[in-house]
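All remarks here apply to the structure that follows.
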Amino acid sequence: MYFIKKVFLFVLLSGLLYGAFAQVSPEIQLGARGVISFNTDISGSQKATSVNDFSDTGLLLGFRQKLYNRFRGQLVIGLQFPDADSDLGQVFFHQTFLRIEDQKNILKMGRSRVQSALIEFPTLRDDDALFLTDVLNPFSSGENTEDNQYGNVIEAAHVFAQRYWLRLHGEHFTKTPQQPATAETDFSLNAVGASFVYRVPETQIWNRPFIQQIGLGFNNFLTDRRGYSSHFDKTLKNILVSGIFNIKPDPIYFVDARFQVVYNLGFKEVKTVGSFYDLTRAAAAAHFFSLRFLYRKLERPTLQLALSGGFKVFPNLTNKTRQWQVIANAFYRLGENFDTVLQIQQTRFTGDLQALYGKTETRFQIGLVYSIDQRWNKQFEDRNSLLNLEHGYIP
């Protein structure tokens with residue numbers, strides 16, 4: 001009888017210890033996206049071909065933990081292959097942050113995507129129309145598109161009624177060193193801003209209301225503008241307005257429209273654009289739109305066709321400087337999260353931009369995309385999956 005009691009106590013204690021360890025074991029997340037394309041670029045009479053362009057291919061690893069109160073914590077580490085012509089090396093860490101959140105509040109600190117855009121457009125890569133879809137980094141030389149998209153961030157968000165997002169953010173945008181051999185040592189905040197967005201929750205998107213998302217954002221860069229002592233005058237101000245609308249909310253043949261306007265108030269002394277430095281500081285208005293058709297067969301996306309385009313004007317420049325861009329693409333799902341894509345885009349420049357980037361550029365792309373999103377020791381319902389940190393061409 002004594003032996004039976006000891007065995008019972010041992011089994012009970014083992015069960016309690018196992019339960020205790022099970023409660024504190026983290027949920028493990030794995031996210032990956034492979035983007036491989038064959039590119040053909042035509043600039044004027046010149047033609048260039050790139051085989052196996054795997055830029056923007058990335059790997060994400062996440063850990064989530066229940067905290068002692070109503071909050072939960074998360075660690076995310078991610079690496080990505082940058083553009084082939086960048087000076088960031090073979091790979092760079094684009095996501096390294098800690099986040100704590102509950103149902104209505106989110107605090108995020110580390111390195112991640114900066115708030116340079118409010119919505120995504122259905123393009124193969126997120127930088128396909130960077131000059132029209134994102135607020136540009138005025139501290140960068142413009143050599144790396146990633147300088148406009150990633151930085152050190154601190155963000156606080158509050159969600160009202162599960163649909164209204166108020167977000168405050170402070171960011172450190174990457175600065176291009178004056179000398180190539182000099183590493184950046186100043187990581188103080190050089191941008192602050194806020195946004196207010198109405199967004200239908202993921203669990204309710206299947207209802208397909210007419211307004212899916214509409215938002216307003218402010219991005220302010222803390223520059224060293226010469227000749228001015230006031231911090232307000234030195235601040236480079238940008239205003240973003242965006243929206244997503246379901247035009248035909250059919251469950252099989254679905255059509256939506258998207259738009260975003262980025263208005264850079266600029267500095268009045270910038271009258272010509274001779275470099276990327278001038279481009280980011282000149283007053284400008286960038287408009288971008290898209291119309292997307294999605295065919296969902298058996299509740300799964302099968303075919304997506306999208307036509308996107310936009311233009312950018314510079315009202316204060318002495319030369320008539322403009323930029324236009326059109327992107328058309330088609331995605332076809334070959335299997336679970338495995339797609340093939342055909343994309344064609346053309347960009348035209350006039351005025352000062354023509355001297356910097358040429359008159360026209362046309363790009364043809366054929367590619368494959370594979371996405372992975374896995375979880376182990378599942379403990380939480382998702383507000384967003386790990387792959388929401390990456391660009392989604394089929395939103």
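In the structure tokens, the first chain shown is A, the next is B, and so on; residue numbers restart at 1 for each chain, and ligands run from 1 in the order shown.
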
Name the residues in contact with A:Gly78 at a cut-off of 9 Å, using only C-alpha atoms, excluding same-chain residues fewer than 4 positions from it; report them as a PyMOL selection string. chain A and resi 31+58-62+92-96

Might you pull out every residue within 7 Å of stretch 103-113 of chain A, with only C-alpha atoms counted and same-chain residues fewer than 6 positions away left off, and present them as an mmCIF file with all heavy atoms, in the first residue's frame?
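Generated output (around30.cif):
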data_model
loop_
_atom_site.group_PDB
_atom_site.id
_atom_site.type_symbol
_atom_site.label_atom_id
_atom_site.label_comp_id
_atom_site.auth_asym_id
_atom_site.auth_seq_id
_atom_site.Cartn_x
_atom_site.Cartn_y
_atom_site.Cartn_z
ATOM 1 N N HIS A 94 16.586 42.004 -41.286
ATOM 2 C CA HIS A 94 15.587 43.053 -41.467
ATOM 3 C C HIS A 94 14.559 43.066 -40.345
ATOM 4 O O HIS A 94 13.815 44.029 -40.186
ATOM 5 C CB HIS A 94 14.893 42.896 -42.819
ATOM 6 C CG HIS A 94 14.074 41.652 -42.958
ATOM 7 N ND1 HIS A 94 14.546 40.402 -42.656
ATOM 8 C CD2 HIS A 94 12.786 41.456 -43.382
ATOM 9 C CE1 HIS A 94 13.606 39.498 -42.881
ATOM 10 N NE2 HIS A 94 12.532 40.118 -43.318
ATOM 11 N N GLN A 95 14.473 41.983 -39.556
ATOM 12 C CA GLN A 95 13.543 41.910 -38.430
ATOM 13 C C GLN A 95 14.285 41.362 -37.207
ATOM 14 O O GLN A 95 14.807 40.248 -37.234
ATOM 15 C CB GLN A 95 12.366 40.979 -38.736
ATOM 16 C CG GLN A 95 11.595 41.301 -39.995
ATOM 17 C CD GLN A 95 10.605 42.438 -39.820
ATOM 18 O OE1 GLN A 95 10.407 42.948 -38.707
ATOM 19 N NE2 GLN A 95 9.965 42.841 -40.898
ATOM 20 N N THR A 96 14.359 42.154 -36.160
ATOM 21 C CA THR A 96 14.890 41.705 -34.875
ATOM 22 C C THR A 96 14.218 42.553 -33.803
ATOM 23 O O THR A 96 14.667 43.664 -33.511
ATOM 24 C CB THR A 96 16.423 41.869 -34.786
ATOM 25 O OG1 THR A 96 17.031 41.231 -35.907
ATOM 26 C CG2 THR A 96 16.950 41.225 -33.518
ATOM 27 N N PHE A 97 13.122 42.061 -33.239
ATOM 28 C CA PHE A 97 12.385 42.898 -32.298
ATOM 29 C C PHE A 97 11.696 42.054 -31.237
ATOM 30 O O PHE A 97 11.503 40.847 -31.389
ATOM 31 C CB PHE A 97 11.350 43.759 -33.035
ATOM 32 C CG PHE A 97 10.254 42.987 -33.726
ATOM 33 C CD1 PHE A 97 9.137 42.546 -33.026
ATOM 34 C CD2 PHE A 97 10.320 42.717 -35.088
ATOM 35 C CE1 PHE A 97 8.118 41.845 -33.654
ATOM 36 C CE2 PHE A 97 9.316 42.021 -35.727
ATOM 37 C CZ PHE A 97 8.210 41.585 -35.002
ATOM 38 N N GLN A 149 12.765 51.153 -46.116
ATOM 39 C CA GLN A 149 11.765 50.206 -45.631
ATOM 40 C C GLN A 149 12.035 49.657 -44.241
ATOM 41 O O GLN A 149 11.099 49.250 -43.550
ATOM 42 C CB GLN A 149 11.665 49.034 -46.612
ATOM 43 C CG GLN A 149 11.243 49.458 -48.012
ATOM 44 C CD GLN A 149 11.369 48.326 -49.004
ATOM 45 O OE1 GLN A 149 12.414 47.695 -49.145
ATOM 46 N NE2 GLN A 149 10.287 48.031 -49.691
ATOM 47 N N TYR A 150 13.300 49.628 -43.820
ATOM 48 C CA TYR A 150 13.644 49.017 -42.538
ATOM 49 C C TYR A 150 14.485 49.961 -41.705
ATOM 50 O O TYR A 150 15.291 50.736 -42.224
ATOM 51 C CB TYR A 150 14.396 47.698 -42.747
ATOM 52 C CG TYR A 150 13.592 46.676 -43.513
ATOM 53 C CD1 TYR A 150 13.786 46.489 -44.881
ATOM 54 C CD2 TYR A 150 12.616 45.916 -42.875
ATOM 55 C CE1 TYR A 150 13.040 45.566 -45.588
ATOM 56 C CE2 TYR A 150 11.868 44.988 -43.579
ATOM 57 C CZ TYR A 150 12.080 44.825 -44.932
ATOM 58 O OH TYR A 150 11.329 43.912 -45.625
ATOM 59 N N GLY A 151 14.287 49.878 -40.393
ATOM 60 C CA GLY A 151 15.049 50.706 -39.481
ATOM 61 C C GLY A 151 14.801 50.282 -38.048
ATOM 62 O O GLY A 151 14.056 49.329 -37.771
ATOM 63 N N ASN A 152 15.433 50.985 -37.120
ATOM 64 C CA ASN A 152 15.203 50.734 -35.694
ATOM 65 C C ASN A 152 13.935 51.470 -35.273
ATOM 66 O O ASN A 152 13.797 52.669 -35.528
ATOM 67 C CB ASN A 152 16.398 51.211 -34.867
ATOM 68 C CG ASN A 152 17.668 50.450 -35.225
ATOM 69 O OD1 ASN A 152 17.602 49.401 -35.854
ATOM 70 N ND2 ASN A 152 18.809 50.993 -34.847
ATOM 71 N N VAL A 153 13.023 50.757 -34.634
ATOM 72 C CA VAL A 153 11.702 51.320 -34.376
ATOM 73 C C VAL A 153 11.294 51.136 -32.920
ATOM 74 O O VAL A 153 11.738 50.213 -32.237
ATOM 75 C CB VAL A 153 10.631 50.668 -35.283
ATOM 76 C CG1 VAL A 153 11.012 50.796 -36.747
ATOM 77 C CG2 VAL A 153 10.425 49.205 -34.919
ATOM 78 N N ILE A 154 10.444 52.032 -32.475
ATOM 79 C CA ILE A 154 9.674 51.866 -31.251
ATOM 80 C C ILE A 154 8.252 52.307 -31.577
ATOM 81 O O ILE A 154 8.039 53.437 -32.032
ATOM 82 C CB ILE A 154 10.265 52.652 -30.061
ATOM 83 C CG1 ILE A 154 9.367 52.495 -28.827
ATOM 84 C CG2 ILE A 154 10.511 54.116 -30.401
ATOM 85 C CD1 ILE A 154 9.983 53.017 -27.548
ATOM 86 N N GLU A 155 7.294 51.406 -31.414
ATOM 87 C CA GLU A 155 5.915 51.660 -31.820
ATOM 88 C C GLU A 155 4.968 51.298 -30.690
ATOM 89 O O GLU A 155 5.154 50.297 -29.996
ATOM 90 C CB GLU A 155 5.536 50.828 -33.047
ATOM 91 C CG GLU A 155 6.341 51.127 -34.285
ATOM 92 C CD GLU A 155 5.971 50.202 -35.430
ATOM 93 O OE1 GLU A 155 5.008 49.410 -35.279
ATOM 94 O OE2 GLU A 155 6.645 50.259 -36.475
ATOM 95 N N ALA A 156 3.956 52.118 -30.527
ATOM 96 C CA ALA A 156 2.880 51.839 -29.576
ATOM 97 C C ALA A 156 1.560 51.994 -30.315
ATOM 98 O O ALA A 156 1.334 52.993 -31.002
ATOM 99 C CB ALA A 156 2.929 52.789 -28.382
ATOM 100 N N ALA A 157 0.700 50.985 -30.185
ATOM 101 C CA ALA A 157 -0.587 51.012 -30.897
ATOM 102 C C ALA A 157 -1.704 50.666 -29.928
ATOM 103 O O ALA A 157 -1.526 49.853 -29.006
ATOM 104 C CB ALA A 157 -0.584 50.027 -32.068
ATOM 105 N N HIS A 158 -2.854 51.286 -30.151
ATOM 106 C CA HIS A 158 -4.067 50.972 -29.386
ATOM 107 C C HIS A 158 -5.188 50.713 -30.381
ATOM 108 O O HIS A 158 -5.362 51.464 -31.344
ATOM 109 C CB HIS A 158 -4.446 52.108 -28.443
ATOM 110 C CG HIS A 158 -5.647 51.793 -27.597
ATOM 111 N ND1 HIS A 158 -5.569 50.967 -26.488
ATOM 112 C CD2 HIS A 158 -6.946 52.173 -27.696
ATOM 113 C CE1 HIS A 158 -6.774 50.860 -25.938
ATOM 114 N NE2 HIS A 158 -7.620 51.584 -26.657
ATOM 115 N N VAL A 159 -5.949 49.637 -30.155
ATOM 116 C CA VAL A 159 -7.009 49.231 -31.057
ATOM 117 C C VAL A 159 -8.358 49.513 -30.394
ATOM 118 O O VAL A 159 -8.647 48.982 -29.314
ATOM 119 C CB VAL A 159 -6.902 47.740 -31.419
ATOM 120 C CG1 VAL A 159 -7.949 47.378 -32.468
ATOM 121 C CG2 VAL A 159 -5.500 47.398 -31.904
ATOM 122 N N PHE A 160 -9.170 50.349 -31.039
ATOM 123 C CA PHE A 160 -10.500 50.661 -30.545
ATOM 124 C C PHE A 160 -11.520 49.801 -31.285
ATOM 125 O O PHE A 160 -11.538 49.779 -32.520
ATOM 126 C CB PHE A 160 -10.833 52.142 -30.759
ATOM 127 C CG PHE A 160 -9.886 53.100 -30.097
ATOM 128 C CD1 PHE A 160 -8.733 53.534 -30.748
ATOM 129 C CD2 PHE A 160 -10.141 53.572 -28.820
ATOM 130 C CE1 PHE A 160 -7.865 54.416 -30.146
ATOM 131 C CE2 PHE A 160 -9.276 54.466 -28.212
ATOM 132 C CZ PHE A 160 -8.143 54.887 -28.875
#

May I have the residues within 12 Å of stretch 45-50 of chain A as a VMD selection string, using only C-alpha atoms and disregarding those fewer than 4 positions away in the same chain? chain A and resid 36 to 41 54 to 55 83 to 85 358 to 367

Residue contacts of A:Lys175 (9 Å, only C-alpha atoms) excluding same-chain residues fewer than 4 positions away, as number ranges by chain: A: 137-141, 147, 184, 186

Could the residues in this selection be saved with C-alpha atoms as a PDB file, in the first residue's frame?
ATOM      1  CA  ASN A 137      14.435  58.144 -46.524  1.00  0.00           C
ATOM      2  CA  PRO A 138      16.088  61.612 -46.662  1.00  0.00           C
ATOM      3  CA  PHE A 139      19.194  60.328 -44.830  1.00  0.00           C
ATOM      4  CA  SER A 140      20.054  57.722 -47.457  1.00  0.00           C
ATOM      5  CA  SER A 141      22.047  58.030 -50.669  1.00  0.00           C
ATOM      6  CA  ASP A 147      17.031  52.022 -46.432  1.00  0.00           C
ATOM      7  CA  GLU A 184      27.187  54.446 -38.426  1.00  0.00           C
ATOM      8  CA  ASP A 186      24.415  57.460 -34.098  1.00  0.00           C
TER       9      ASP A 186
END

Using only C-alpha atoms, find each residue of stretch 115-138 of chain A with at least one atom at most 12 Å away from an atom of stretch 275-286 of chain A; report its shortest atom-to-atom pair and that distance in Å (one decimal), sort the rows by chain and rising residue number, and return the result as CSV.
residue,atom,partner,partner_atom,distance
A:Ala117,CA,A:Ala286,CA,11.7
A:Ala129,CA,A:Ala286,CA,10.7
A:Leu130,CA,A:Ala286,CA,10.4
A:Phe131,CA,A:Ala286,CA,7.8
A:Leu132,CA,A:Ala286,CA,5.2
A:Thr133,CA,A:Ala286,CA,7.4
A:Asp134,CA,A:Ala286,CA,8.8
A:Val135,CA,A:Thr280,CA,8.5
A:Leu136,CA,A:Thr280,CA,6.0
A:Asn137,CA,A:Thr280,CA,6.8
A:Pro138,CA,A:Thr280,CA,5.2

Just the selected residues (C-alpha atoms), exported as an mmCIF file, in the first residue's frame, please.
data_model
loop_
_atom_site.group_PDB
_atom_site.id
_atom_site.type_symbol
_atom_site.label_atom_id
_atom_site.label_comp_id
_atom_site.auth_asym_id
_atom_site.auth_seq_id
_atom_site.Cartn_x
_atom_site.Cartn_y
_atom_site.Cartn_z
ATOM 1 C CA ALA A 117 3.485 53.106 -46.239
ATOM 2 C CA ALA A 129 7.053 50.984 -57.165
ATOM 3 C CA LEU A 130 9.005 52.288 -54.180
ATOM 4 C CA PHE A 131 9.179 55.936 -55.341
ATOM 5 C CA LEU A 132 5.375 56.070 -55.513
ATOM 6 C CA THR A 133 4.278 53.813 -52.650
ATOM 7 C CA ASP A 134 6.634 54.763 -49.795
ATOM 8 C CA VAL A 135 7.887 57.787 -47.936
ATOM 9 C CA LEU A 136 11.542 58.065 -48.984
ATOM 10 C CA ASN A 137 14.435 58.144 -46.524
ATOM 11 C CA PRO A 138 16.088 61.612 -46.662
#

Could you find all residues in stretch 155-388 of chain A that DSSP calls strand (DSSP E or B) from the backbone, and write them as a PyMOL selection string? chain A and resi 155-160+164-173+191-199+211-222+235-249+253-264+284-297+300-313+322-335+338-350+360-376

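Non-sequential neighbours of A:Leu387 (distance at most 10 Å, separation of 3 or more positions within a chain, only C-alpha atoms) are Gln29, Leu30, Gly31, Ala32, Arg33, Leu59, Leu60, Ser371, Ile372, Asp373, Gln374, Asn384, Glu390, His391 and Gly392 of chain A.
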
The selected residues should be written to file as a CSV table (one decimal), in the first residue's frame (atoms: C-alpha atoms).
chain,number,residue,atom,x,y,z
A,29,GLN,CA,6.8,30.1,-35.3
A,30,LEU,CA,8.5,29.6,-38.7
A,31,GLY,CA,7.9,31.9,-41.6
A,32,ALA,CA,9.7,31.8,-45.0
A,33,ARG,CA,9.1,33.2,-48.4
A,59,LEU,CA,13.4,33.6,-43.3
A,60,LEU,CA,11.6,34.5,-40.1
A,371,SER,CA,5.5,30.7,-48.7
A,372,ILE,CA,5.8,28.8,-45.5
A,373,ASP,CA,3.9,29.5,-42.2
A,374,GLN,CA,4.2,26.9,-39.5
A,384,ASN,CA,-1.6,38.4,-37.8
A,390,GLU,CA,6.6,40.4,-45.2
A,391,HIS,CA,5.1,41.8,-48.4
A,392,GLY,CA,1.9,40.0,-49.5

Restricting to only C-alpha atoms, whichever of A:His169, A:Phe221, A:Gly215, A:Leu124 is closest to A:Ala330 is A:Leu124

Run DSSP on the backbone and grab whatever in stretch 72-291 of chain A lands in alpha helix (DSSP H); send it over as a ChimeraX atom specification. /A:130-133,231-234,276-281

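Residues with any atom within 7 Å of stretch 188-205 of chain A, counting only C-alpha atoms and excluding same-chain neighbours fewer than 6 positions away, are Gln162, Arg163, Tyr164, Trp165, Leu166, Arg167, Leu168, His169, Gly170, Glu171, His172, Phe173, Gln212, Gln213, Ile214, Gly215, Leu216, Gly217, Phe218, Asn219, Asn220, Phe221 and Leu222 of chain A.
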